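Content type compact mmCIF, C-alpha atoms, from the file entry.txt:
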# COMPACT_ATOMS: atom_id res chain seq x y z
CA MET A 27 -21.32 -14.11 1.71
CA THR A 28 -18.34 -12.93 -0.30
CA VAL A 29 -14.74 -12.11 0.55
CA ASP A 30 -12.91 -10.15 -2.14
CA LEU A 31 -9.37 -8.82 -2.07
CA LEU A 32 -7.92 -5.62 -3.49
CA LEU A 33 -4.18 -5.01 -3.80
CA GLY A 34 -1.51 -3.16 -5.75
CA LEU A 35 0.54 -4.93 -8.41
CA GLN A 36 3.53 -2.60 -8.72
CA TRP A 37 5.72 -0.78 -6.17
CA GLY A 38 2.75 0.80 -4.41
CA ASP A 39 1.04 4.14 -5.07
CA GLU A 40 -1.26 2.55 -7.65
CA GLY A 41 -4.43 4.29 -6.42
CA LYS A 42 -5.91 1.58 -4.20
CA GLY A 43 -7.62 4.07 -1.89
CA LYS A 44 -9.71 5.53 -4.70
CA ILE A 45 -10.88 2.13 -5.93
CA VAL A 46 -11.74 0.91 -2.42
CA ASP A 47 -13.81 4.08 -2.03
CA VAL A 48 -15.52 3.42 -5.38
CA LEU A 49 -16.29 -0.21 -4.52
CA THR A 50 -17.21 0.26 -0.84
CA SER A 51 -20.96 0.57 -1.42
CA LYS A 52 -20.96 -3.09 -2.52
CA TYR A 53 -19.54 -4.33 0.81
CA ASP A 54 -20.57 -4.50 4.46
CA ILE A 55 -17.01 -4.59 5.81
CA ILE A 56 -13.72 -3.05 4.63
CA ALA A 57 -10.71 -4.68 6.31
CA ARG A 58 -7.10 -3.49 6.08
CA PHE A 59 -4.77 -6.48 6.38
CA GLN A 60 -1.12 -5.30 6.52
CA GLY A 61 1.33 -2.43 6.49
CA GLY A 62 1.71 0.70 8.56
CA PRO A 63 1.27 4.47 8.39
CA ASN A 64 3.94 4.86 5.70
CA ALA A 65 1.23 3.94 3.19
CA GLY A 66 -1.06 6.85 2.30
CA HIS A 67 -4.30 6.03 0.53
CA THR A 68 -5.64 9.10 -1.26
CA LEU A 69 -9.36 9.63 -1.88
CA GLU A 70 -10.88 12.59 -3.69
CA PHE A 71 -14.54 13.52 -3.88
CA ASP A 72 -16.76 16.60 -3.51
CA GLY A 73 -13.72 18.75 -4.23
CA ILE A 74 -11.84 17.52 -1.14
CA LYS A 75 -8.67 15.42 -1.09
CA HIS A 76 -8.34 12.97 1.82
CA VAL A 77 -5.20 11.04 2.79
CA LEU A 78 -5.70 8.00 5.02
CA ARG A 79 -2.69 6.28 6.57
CA THR A 80 -4.00 3.50 8.80
CA ILE A 81 -7.78 3.78 8.65
CA PRO A 82 -9.43 1.73 5.84
CA SER A 83 -10.58 3.63 2.76
CA GLY A 84 -14.27 2.83 3.34
CA ILE A 85 -14.54 5.15 6.33
CA PHE A 86 -16.44 7.89 4.46
CA HIS A 87 -19.37 5.61 3.64
CA LYS A 88 -22.17 5.44 6.21
CA ASN A 89 -23.25 1.83 5.97
CA ASN A 90 -20.14 -0.28 6.50
CA ILE A 91 -17.71 -1.35 9.20
CA ASN A 92 -13.98 -0.66 8.84
CA ILE A 93 -11.52 -3.08 10.46
CA ILE A 94 -7.81 -2.65 11.11
CA GLY A 95 -6.55 -6.24 11.03
CA ASN A 96 -3.92 -8.07 13.02
CA GLY A 97 -1.37 -7.79 10.18
CA VAL A 98 -1.29 -3.99 10.45
CA VAL A 99 1.21 -2.10 12.63
CA ILE A 100 -0.27 1.00 14.29
CA ASP A 101 1.51 4.16 15.40
CA PRO A 102 -0.88 5.61 18.05
CA VAL A 103 0.45 9.15 17.51
CA VAL A 104 -0.10 9.06 13.75
CA PHE A 105 -3.43 7.32 14.29
CA LYS A 106 -4.61 10.05 16.68
CA SER A 107 -3.70 12.77 14.19
CA GLU A 108 -5.59 10.88 11.51
CA ILE A 109 -8.70 10.69 13.72
CA ASP A 110 -8.36 14.38 14.61
CA GLY A 111 -8.28 15.19 10.90
CA LEU A 112 -11.56 13.34 10.36
CA ALA A 113 -13.37 15.10 13.22
CA LYS A 114 -14.83 17.84 10.98
CA PHE A 115 -16.64 15.24 8.85
CA ASN A 116 -18.83 14.03 11.76
CA LEU A 117 -18.06 10.35 11.20
CA ASP A 118 -19.26 7.84 13.78
CA LEU A 119 -15.83 6.30 14.34
CA LYS A 120 -16.85 4.61 17.60
CA SER A 121 -19.21 2.28 15.75
CA LYS A 122 -17.66 2.29 12.26
CA LEU A 123 -13.99 1.68 13.10
CA ILE A 124 -12.78 -1.38 15.04
CA ILE A 125 -9.27 -2.68 15.70
CA SER A 126 -7.80 -6.16 16.07
CA ARG A 127 -6.26 -6.79 19.48
CA LYS A 128 -3.51 -8.70 17.67
CA ALA A 129 -2.31 -5.66 15.66
CA HIS A 130 1.15 -4.55 16.79
CA LEU A 131 2.02 -1.08 18.09
CA ILE A 132 4.78 1.15 16.75
CA LEU A 133 6.61 2.67 19.72
CA PRO A 134 8.55 5.96 19.60
CA THR A 135 11.76 3.94 19.94
CA HIS A 136 10.82 1.91 16.85
CA ARG A 137 11.01 5.13 14.82
CA LEU A 138 14.36 6.01 16.41
CA LEU A 139 15.69 2.52 15.64
CA ASP A 140 14.56 2.93 12.04
CA ALA A 141 16.46 6.22 11.73
CA ALA A 142 19.60 4.81 13.37
CA SER A 143 19.58 1.69 11.19
CA GLU A 144 19.14 3.67 7.96
CA ALA A 145 21.82 6.20 8.93
CA SER A 146 24.29 3.39 9.61
CA LYS A 147 23.90 2.00 6.08
CA GLY A 148 25.29 5.10 4.36
CA LYS A 149 25.08 4.72 0.58
CA ALA A 150 23.60 1.23 0.98
CA LYS A 151 20.40 2.55 2.57
CA ILE A 152 17.16 0.92 1.43
CA GLY A 153 15.04 4.07 1.34
CA SER A 154 13.06 3.52 4.54
CA THR A 155 10.28 6.02 5.27
CA LEU A 156 11.61 6.11 8.88
CA LYS A 157 8.13 5.45 10.30
CA GLY A 158 9.32 2.53 12.45
CA ILE A 159 7.61 -0.09 10.31
CA GLY A 160 10.59 -2.44 9.85
CA PRO A 161 11.69 -2.48 13.52
CA THR A 162 8.08 -3.12 14.61
CA TYR A 163 7.75 -6.14 12.32
CA MET A 164 11.16 -7.32 13.54
CA ASP A 165 9.87 -7.26 17.11
CA LYS A 166 6.73 -9.07 15.95
CA THR A 167 8.65 -11.94 14.37
CA GLY A 168 11.18 -11.88 17.21
CA ARG A 169 8.29 -12.33 19.69
CA ASN A 170 9.08 -9.12 21.53
CA GLY A 171 6.26 -6.94 20.19
CA ILE A 172 3.53 -5.07 22.02
CA ARG A 173 0.03 -5.48 20.65
CA VAL A 174 -3.18 -3.47 20.87
CA GLY A 175 -4.62 -6.02 23.29
CA ASP A 176 -1.75 -5.32 25.71
CA ILE A 177 -3.19 -1.83 26.25
CA GLU A 178 -6.02 -3.49 28.21
CA LEU A 179 -3.59 -5.25 30.59
CA GLU A 180 -2.48 -3.86 33.96
CA ASP A 181 1.22 -4.30 33.17
CA PHE A 182 1.09 -2.45 29.82
CA LYS A 183 3.46 0.34 30.88
CA GLU A 184 5.88 -2.18 32.33
CA LYS A 185 5.89 -4.10 29.03
CA TYR A 186 6.48 -0.84 27.23
CA ARG A 187 9.39 0.17 29.45
CA ILE A 188 11.19 -3.15 29.04
CA LEU A 189 11.00 -2.99 25.24
CA ALA A 190 11.85 0.73 25.03
CA ASN A 191 14.93 0.21 27.22
CA LYS A 192 16.04 -2.62 24.94
CA HIS A 193 15.62 -0.35 21.92
CA GLU A 194 17.77 2.36 23.44
CA GLU A 195 20.60 -0.13 23.92
CA MET A 196 20.23 -1.17 20.28
CA ILE A 197 20.37 2.47 19.14
CA LYS A 198 23.73 2.83 20.91
CA PHE A 199 24.99 -0.20 18.98
CA TYR A 200 24.50 1.58 15.64
CA ASP A 201 26.92 4.28 16.75
CA VAL A 202 25.35 7.09 14.72
CA SER A 203 24.32 10.57 15.76
CA ILE A 204 20.55 11.02 16.02
CA GLN A 205 19.00 13.68 18.23
CA TYR A 206 15.83 12.94 20.22
CA ASN A 207 13.99 13.66 23.45
CA LEU A 208 12.41 10.38 24.47
CA SER A 209 10.42 11.81 27.39
CA GLU A 210 8.63 14.20 25.00
CA LEU A 211 8.01 11.42 22.50
CA GLU A 212 6.64 9.17 25.25
CA LYS A 213 4.30 11.87 26.57
CA GLU A 214 2.81 12.20 23.09
CA PHE A 215 2.66 8.39 22.75
CA PHE A 216 0.74 7.76 25.98
CA GLU A 217 -1.68 10.60 25.26
CA ALA A 218 -2.42 8.93 21.93
CA ILE A 219 -2.86 5.57 23.67
CA GLU A 220 -5.68 7.12 25.75
CA GLU A 221 -7.41 8.18 22.53
CA LEU A 222 -6.93 4.70 21.07
CA LYS A 223 -8.68 3.22 24.11
CA LYS A 224 -11.87 5.05 23.14
CA LEU A 225 -12.28 2.81 20.10
CA THR A 226 -13.49 -0.78 20.03
CA PHE A 227 -10.95 -3.61 20.16
CA ILE A 228 -11.99 -7.00 18.79
CA ASP A 229 -10.74 -10.52 18.24
CA SER A 230 -10.83 -9.87 14.52
CA GLU A 231 -10.51 -13.43 13.25
CA GLU A 232 -13.60 -14.43 15.25
CA TYR A 233 -15.45 -11.27 14.23
CA LEU A 234 -14.79 -11.93 10.54
CA HIS A 235 -15.69 -15.61 10.91
CA GLN A 236 -19.07 -14.71 12.36
CA ALA A 237 -19.56 -12.03 9.69
CA GLN A 238 -19.02 -14.62 6.98
CA LYS A 239 -21.50 -16.99 8.64
CA ALA A 240 -24.01 -14.14 8.74
CA GLY A 241 -23.61 -13.60 4.98
CA LYS A 242 -21.75 -10.28 5.18
CA SER A 243 -19.66 -9.13 2.21
CA ILE A 244 -16.03 -8.25 2.97
CA LEU A 245 -13.42 -6.34 0.97
CA CYS A 246 -9.83 -6.87 2.13
CA GLU A 247 -7.67 -3.81 1.49
CA GLY A 248 -3.90 -4.07 1.06
CA ALA A 249 -1.21 -1.41 1.36
CA GLN A 250 1.97 -0.83 -0.68
CA GLY A 251 2.36 -3.10 -3.73
CA SER A 252 3.23 -6.68 -4.68
CA LEU A 253 6.78 -5.81 -5.76
CA LEU A 254 7.40 -4.60 -2.20
CA ASP A 255 6.37 -7.93 -0.64
CA VAL A 256 9.00 -9.12 1.85
CA ASP A 257 9.12 -12.55 0.15
CA PHE A 258 8.26 -11.87 -3.48
CA GLY A 259 9.34 -8.26 -3.96
CA THR A 260 12.68 -6.77 -5.02
CA TYR A 261 14.40 -7.74 -1.77
CA PRO A 262 15.96 -6.08 0.21
CA PHE A 263 14.31 -2.95 -1.22
CA VAL A 264 10.90 -4.01 0.07
CA THR A 265 8.54 -3.36 2.96
CA SER A 266 8.42 -5.65 6.01
CA SER A 267 5.07 -7.36 5.45
CA ASN A 268 3.37 -9.62 2.92
CA THR A 269 1.68 -7.26 0.48
CA THR A 270 0.50 -10.09 -1.77
CA ALA A 271 -2.78 -12.01 -1.55
CA ALA A 272 -1.40 -14.42 1.06
CA GLY A 273 -1.04 -11.44 3.42
CA ALA A 274 -4.82 -11.06 3.53
CA CYS A 275 -5.15 -14.54 5.03
CA THR A 276 -2.44 -14.09 7.67
CA GLY A 277 -3.32 -10.42 8.27
CA LEU A 278 -7.01 -11.03 8.95
CA GLY A 279 -7.42 -14.71 9.75
CA ILE A 280 -9.49 -15.41 6.64
CA ALA A 281 -9.09 -18.86 5.07
CA PRO A 282 -7.69 -18.93 1.49
CA ASN A 283 -10.68 -20.86 0.13
CA LYS A 284 -13.04 -18.07 1.21
CA ILE A 285 -11.53 -15.48 -1.13
CA LYS A 286 -13.46 -15.03 -4.36
CA GLU A 287 -12.36 -12.05 -6.48
CA VAL A 288 -8.81 -10.68 -6.41
CA TYR A 289 -8.76 -7.14 -7.77
CA GLY A 290 -5.31 -6.09 -8.97
CA ILE A 291 -4.59 -2.39 -9.42
CA PHE A 292 -1.82 -1.01 -11.62
CA LYS A 293 -0.90 2.27 -13.28
CA ALA A 294 -0.83 2.68 -17.05
CA TYR A 295 2.87 3.35 -16.51
CA THR A 296 5.17 2.47 -13.58
CA THR A 297 6.44 4.38 -10.54
CA ARG A 298 8.70 3.60 -7.62
CA VAL A 299 9.62 5.49 -4.44
CA GLY A 300 13.00 5.13 -2.73
CA SER A 301 15.90 2.88 -3.61
CA GLY A 302 15.91 -0.39 -5.55
CA PRO A 303 15.97 -1.70 -9.12
CA PHE A 304 13.48 -0.29 -11.62
CA PRO A 305 14.08 -1.72 -15.13
CA THR A 306 11.75 0.60 -17.06
CA GLU A 307 12.64 3.84 -15.27
CA ASP A 308 12.84 6.70 -17.78
CA PHE A 309 15.57 9.28 -17.20
CA GLU A 310 14.57 11.41 -20.19
CA ASP A 311 11.64 13.72 -20.86
CA ALA A 312 8.96 11.01 -20.65
CA GLY A 313 9.66 10.23 -17.00
CA THR A 314 9.66 13.94 -16.15
CA VAL A 315 6.31 14.48 -17.86
CA MET A 316 4.75 11.47 -16.12
CA ALA A 317 5.89 12.77 -12.74
CA LYS A 318 4.56 16.28 -13.39
CA VAL A 319 1.23 15.40 -15.00
CA GLY A 320 0.61 12.48 -12.64
CA ASN A 321 1.54 14.55 -9.57
CA GLU A 322 3.85 11.74 -8.56
CA PHE A 323 4.68 12.71 -5.01
CA GLY A 324 4.07 10.50 -1.96
CA SER A 325 0.82 11.38 -0.15
CA VAL A 326 2.48 10.74 3.23
CA THR A 327 6.20 11.27 2.64
CA GLY A 328 6.04 13.90 -0.08
CA ARG A 329 8.91 12.12 -1.83
CA GLN A 330 9.04 12.35 -5.63
CA ARG A 331 8.35 9.06 -7.34
CA ARG A 332 10.62 7.67 -10.01
CA CYS A 333 8.65 7.16 -13.25
CA GLY A 334 8.91 4.91 -16.29
CA TRP A 335 7.09 2.79 -18.82
CA LEU A 336 4.72 -0.08 -18.06
CA ASP A 337 6.58 -3.32 -17.28
CA ILE A 338 4.51 -6.27 -18.50
CA VAL A 339 7.05 -8.79 -17.21
CA ALA A 340 6.70 -7.50 -13.64
CA LEU A 341 2.93 -7.06 -14.00
CA LYS A 342 2.47 -10.63 -15.22
CA TYR A 343 4.56 -11.86 -12.27
CA ALA A 344 2.34 -9.98 -9.79
CA VAL A 345 -0.83 -11.30 -11.44
CA GLN A 346 0.44 -14.88 -11.13
CA VAL A 347 1.61 -14.62 -7.52
CA ASN A 348 -1.69 -13.07 -6.42
CA GLY A 349 -4.13 -15.06 -8.54
CA VAL A 350 -5.64 -11.83 -9.87
CA THR A 351 -9.11 -12.24 -11.40
CA GLN A 352 -9.77 -8.62 -12.45
CA LEU A 353 -7.44 -5.76 -13.33
CA MET A 354 -8.01 -2.06 -12.78
CA MET A 355 -5.88 0.41 -14.71
CA MET A 356 -5.18 3.76 -13.07
CA LYS A 357 -3.98 7.10 -14.47
CA GLY A 358 -4.62 6.38 -18.14
CA ASP A 359 -5.18 10.14 -18.46
CA VAL A 360 -1.53 10.86 -17.56
CA LEU A 361 -0.34 9.24 -20.81
CA SER A 362 -2.46 11.52 -23.00
CA GLY A 363 -0.24 13.62 -25.26
CA PHE A 364 2.58 11.11 -25.80
CA LYS A 365 3.12 10.48 -29.51
CA THR A 366 4.62 7.07 -28.78
CA LEU A 367 4.20 4.79 -25.78
CA LYS A 368 6.57 2.02 -24.82
CA VAL A 369 5.78 -1.22 -22.97
CA CYS A 370 8.42 -3.61 -21.69
CA THR A 371 7.43 -7.09 -22.93
CA SER A 372 10.60 -9.04 -22.08
CA TYR A 373 14.04 -8.72 -20.53
CA ASN A 374 17.44 -9.37 -22.04
CA TYR A 375 18.84 -11.29 -19.06
CA LYS A 376 22.57 -12.02 -19.31
CA GLY A 377 22.26 -12.28 -23.10
CA GLN A 378 19.07 -14.37 -23.06
CA ASN A 379 15.55 -13.11 -23.82
CA ILE A 380 13.16 -13.99 -20.96
CA THR A 381 9.54 -13.12 -20.12
CA HIS A 382 9.56 -13.92 -16.41
CA LEU A 383 10.89 -11.95 -13.44
CA PRO A 384 14.30 -13.39 -12.49
CA TYR A 385 15.92 -13.46 -9.05
CA ASN A 386 17.92 -10.31 -9.70
CA ILE A 387 16.70 -7.39 -11.82
CA GLU A 388 19.57 -5.01 -11.14
CA PRO A 389 20.58 -3.06 -14.30
CA GLU A 390 23.86 -4.96 -14.71
CA ASN A 391 21.83 -8.14 -15.24
CA ILE A 392 18.86 -7.09 -17.35
CA THR A 393 17.91 -4.71 -20.14
CA PRO A 394 14.21 -4.13 -20.90
CA VAL A 395 12.96 -5.00 -24.40
CA TYR A 396 10.18 -2.64 -25.53
CA THR A 397 7.18 -2.78 -27.83
CA GLU A 398 6.01 0.62 -29.08
CA PHE A 399 2.43 1.87 -29.44
CA LYS A 400 0.88 4.92 -31.02
CA GLY A 401 -0.22 7.37 -28.34
CA TRP A 402 -3.38 9.48 -28.06
CA ASN A 403 -3.95 13.17 -27.49
CA ALA A 404 -7.49 13.27 -26.10
CA ASP A 405 -8.45 14.66 -22.70
CA LEU A 406 -9.84 11.61 -20.89
CA THR A 407 -10.76 13.34 -17.64
CA GLY A 408 -14.32 14.21 -18.69
CA MET A 409 -15.11 10.85 -20.29
CA SER A 410 -17.64 8.60 -18.58
CA SER A 411 -17.96 5.49 -20.76
CA TYR A 412 -15.55 3.02 -22.32
CA ASP A 413 -16.88 3.78 -25.80
CA GLN A 414 -15.66 7.37 -25.50
CA LEU A 415 -12.02 6.35 -24.99
CA PRO A 416 -9.60 6.86 -27.93
CA LYS A 417 -9.00 3.89 -30.21
CA GLU A 418 -5.27 3.91 -29.35
CA LEU A 419 -6.01 3.59 -25.61
CA LYS A 420 -8.40 0.70 -26.26
CA GLU A 421 -5.64 -1.02 -28.27
CA TYR A 422 -3.21 -0.41 -25.40
CA ILE A 423 -5.70 -1.98 -22.95
CA ALA A 424 -6.39 -4.96 -25.25
CA PHE A 425 -2.66 -5.64 -25.56
CA ILE A 426 -2.18 -5.67 -21.78
CA GLU A 427 -5.16 -8.02 -21.34
CA LYS A 428 -3.76 -10.42 -23.93
CA GLU A 429 -0.29 -10.43 -22.34
CA VAL A 430 -1.39 -11.02 -18.74
CA GLU A 431 -4.50 -13.06 -19.58
CA VAL A 432 -6.77 -11.18 -17.15
CA PRO A 433 -9.52 -8.68 -18.09
CA ILE A 434 -9.25 -4.98 -17.26
CA THR A 435 -12.66 -4.08 -15.79
CA ILE A 436 -12.03 -0.53 -14.57
CA VAL A 437 -10.14 2.35 -16.20
CA SER A 438 -9.49 5.42 -14.05
CA VAL A 439 -9.25 8.74 -15.90
CA GLY A 440 -8.76 11.13 -12.96
CA PRO A 441 -8.45 11.32 -9.17
CA ASP A 442 -12.13 11.92 -8.34
CA ARG A 443 -14.30 8.91 -7.56
CA LYS A 444 -16.58 9.98 -10.45
CA GLN A 445 -13.69 9.71 -12.94
CA THR A 446 -13.95 5.92 -13.03
CA ILE A 447 -15.00 4.01 -16.13
CA MET A 448 -16.47 0.52 -15.82
CA LYS A 449 -15.59 -1.57 -18.84
Mind converting the file's structure to structure tokens?
Amino acid sequence: MTVDLLLGLQWGDEGKGKIVDVLTSKYDIIARFQGGPNAGHTLEFDGIKHVLRTIPSGIFHKNNINIIGNGVVIDPVVFKSEIDGLAKFNLDLKSKLIISRKAHLILPTHRLLDAASEASKGKAKIGSTLKGIGPTYMDKTGRNGIRVGDIELEDFKEKYRILANKHEEMIKFYDVSIQYNLSELEKEFFEAIEELKKLTFIDSEEYLHQAQKAGKSILCEGAQGSLLDVDFGTYPFVTSSNTTAAGACTGLGIAPNKIKEVYGIFKAYTTRVGSGPFPTEDFEDAGTVMAKVGNEFGSVTGRQRRCGWLDIVALKYAVQVNGVTQLMMMKGDVLSGFKTLKVCTSYNYKGQNITHLPYNIEPENITPVYTEFKGWNADLTGMSSYDQLPKELKEYIAFIEKEVEVPITIVSVGPDRKQTIMK
């Protein structure tokens, strides 16, 4: 029996979906533990690009079970469209995909609340994806939420109506102009609920407990990234769930002492979507090149990602908070062609040089201090072994390993599952 955990160490978009897909053959169960459909996990193989939003990234493999855990929030409408998109691949979703009864549902009015709240903030907006994630987690912690298990109860529609009516009153409070037709949204919602009912609902904590007793291997899959964690991220520019390792325990019901390996994924540079501080953001040519070559656009939102140099201070922080045991570096190929690379190794914080992430990393408080490296000009995308990598890239990798004190065991050199080098 083994329970391993895979999560992102930056502001999301690190390439977790690809690595889960690569690793899936080693595991019996892939379990998503938090987040909602604002997180798109992209997989590419056999010349086809797939974007998953709620369904775990192991779904394309025949021999494992995929679980949506209690820490996830599910939008039935988005979920139905995701299932419809998978229909042409003849996947046995009825037996391969199971859902925790304790997972919360995103209602149409949650999305409207999200839009109203963001509109009311004006210039102070946090960059919400407007998918209803935040309001759903607010209802969860406020003990008002509706869960997947409620679908099986006779008074489900009554529960829905009470909460939706409350949301409409809250929307009025924001006093902003948003246009919507709730009856149309509700028709779509309840049609999607009927599709959801066709899948298997489980008491996931018991299911996973029995799986561990039976010696099954489990990979816990996170969404977003550690710097978006509601407790340890760059608050308030964060998501509404725990994206760090602790979230796997609360989002699946797995005990901390059962987790063995913690795989941490990061890009060879850094990206961020939406608002919030980003110390190493590059506003010159380098950032533009990274965005273009790396195709840095959100797989779900389509929003362009802000790009910049690797931030060792933030990476080290994420490694510590998560207890990372192995690192996986993504998109090393994007940095090919740069004559000089920069890595932030410390911050000048209010006149003092520090190497830890402080409470506030807004630009008026910190200035990144960089170490420069010689770049490489080789095309990495066709390379298949670590020995083939340029000397300069190996030096770059060795420096990162020394700084964060964790080995890099995988280097990704392209989007396809085959473009993955095991070190």
* To do: Find the residue from A:Ala249, A:Met164, A:Leu138, A:Ala240 that sits nearest to Arg58 of chain A; use all atoms listed in the file when measuring.
  => A:Ala249
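Residue nearest Gly34 of chain A within the list A:Lys114, A:Lys342, A:Lys293, A:Lys428: A:Lys293 [criterion: smallest interatomic distance, all atoms listed in the file].
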* **atom CA of Ile434 of chain A to atom CA of Gly334 of chain A, straight-line distance in Å** => 20.7 Å
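Between atom CA of Lys88 of chain A and atom CA of Ser243 of chain A lies a distance of 15.3 Å.
Note that the spacing between atom CA of Gly62 of chain A and atom CA of Asp101 of chain A amounts to 7.7 Å.
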* Using all atoms listed in the file, determine which residues lie at most 12 Å from Val360 of chain A, disregarding the query and same-chain residues fewer than 4 positions distant; provide the list as a VMD selection string. => chain A and resid 293 to 296 312 to 322 333 335 355 to 356 364 367 401 to 407 419 438 to 441
* A:Ser252, A:Pro416, A:Ser410, A:Ile177: which is nearest Arg443 of chain A, counting all atoms listed in the file? -> A:Ser410
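Excluding Glu108 of chain A itself and any same-chain residue fewer than 5 positions from it, the protein and nucleic acid residues within 8 Å of it, counting all atoms listed in the file, are Leu78, Arg79 and Ile81 of chain A.
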* Residues at most 8 Å from segment 194-198 of chain A, counting all atoms listed in the file, excluding those fewer than 6 positions away in the same chain, as number ranges by chain? -> A: 135, 138-139, 142
* Asked: Around (15.7, -6.2, -20.6) in the file's own coordinates, what residues are found within 12 Å if you use all atoms listed in the file, given back as an MDAnalysis selection string?
  -> chainID A and resid 304:307 337:340 369:384 386:397
Dump of C-alpha atoms for the selected residues, as a compact mmCIF listing (two decimals), in the coordinates of the input:
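Written out: result_30.txt:
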# COMPACT_ATOMS: atom_id res chain seq x y z
CA PHE A 304 13.48 -0.29 -11.62
CA PRO A 305 14.08 -1.72 -15.13
CA THR A 306 11.75 0.60 -17.06
CA GLU A 307 12.64 3.84 -15.27
CA ASP A 337 6.58 -3.32 -17.28
CA ILE A 338 4.51 -6.27 -18.50
CA VAL A 339 7.05 -8.79 -17.21
CA ALA A 340 6.70 -7.50 -13.64
CA VAL A 369 5.78 -1.22 -22.97
CA CYS A 370 8.42 -3.61 -21.69
CA THR A 371 7.43 -7.09 -22.93
CA SER A 372 10.60 -9.04 -22.08
CA TYR A 373 14.04 -8.72 -20.53
CA ASN A 374 17.44 -9.37 -22.04
CA TYR A 375 18.84 -11.29 -19.06
CA LYS A 376 22.57 -12.02 -19.31
CA GLY A 377 22.26 -12.28 -23.10
CA GLN A 378 19.07 -14.37 -23.06
CA ASN A 379 15.55 -13.11 -23.82
CA ILE A 380 13.16 -13.99 -20.96
CA THR A 381 9.54 -13.12 -20.12
CA HIS A 382 9.56 -13.92 -16.41
CA LEU A 383 10.89 -11.95 -13.44
CA PRO A 384 14.30 -13.39 -12.49
CA ASN A 386 17.92 -10.31 -9.70
CA ILE A 387 16.70 -7.39 -11.82
CA GLU A 388 19.57 -5.01 -11.14
CA PRO A 389 20.58 -3.06 -14.30
CA GLU A 390 23.86 -4.96 -14.71
CA ASN A 391 21.83 -8.14 -15.24
CA ILE A 392 18.86 -7.09 -17.35
CA THR A 393 17.91 -4.71 -20.14
CA PRO A 394 14.21 -4.13 -20.90
CA VAL A 395 12.96 -5.00 -24.40
CA TYR A 396 10.18 -2.64 -25.53
CA THR A 397 7.18 -2.78 -27.83
* Name the residues in contact with Gly97 of chain A at a cut-off of 7 Å, using all atoms listed in the file, excluding same-chain residues fewer than 5 positions from it; report them as a ChimeraX atom specification. => /A:59-60,129,276-278
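For the set A:Pro63, A:Gly241, A:Pro134, A:Gly290, the residue with the smallest atom-to-atom gap to Ser107 of chain A is A:Pro63, counting only C-alpha atoms.
Between Thr80 of chain A and the residues A:Lys122, A:Lys42, A:Lys106, A:Lys52, the shortest atom-to-atom distance, using only C-alpha atoms, involves A:Lys106.
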* Using only C-alpha atoms, collect all residues at a distance of at most 12 Å from (-5.6, -3.6, -20.8) as written in the file, then present them as an NGL selection string. => :A and (291-295 or 336 or 338 or 341 or 352-356 or 358 or 369 or 418-438 or 449)
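You can rank A:Trp37, A:Phe399, A:Tyr412, A:Phe105 by their closest distance to Glu217 of chain A using all atoms listed in the file, and at the top of that list sits A:Phe105.
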* To do: Pick out the residues sitting within 7 Å of Arg332 of chain A, and hand them over as a PyMOL selection string; count only C-alpha atoms, and ignore anything fewer than 2 positions along from it in its own chain.
  => chain A and resi 297-299+307+330
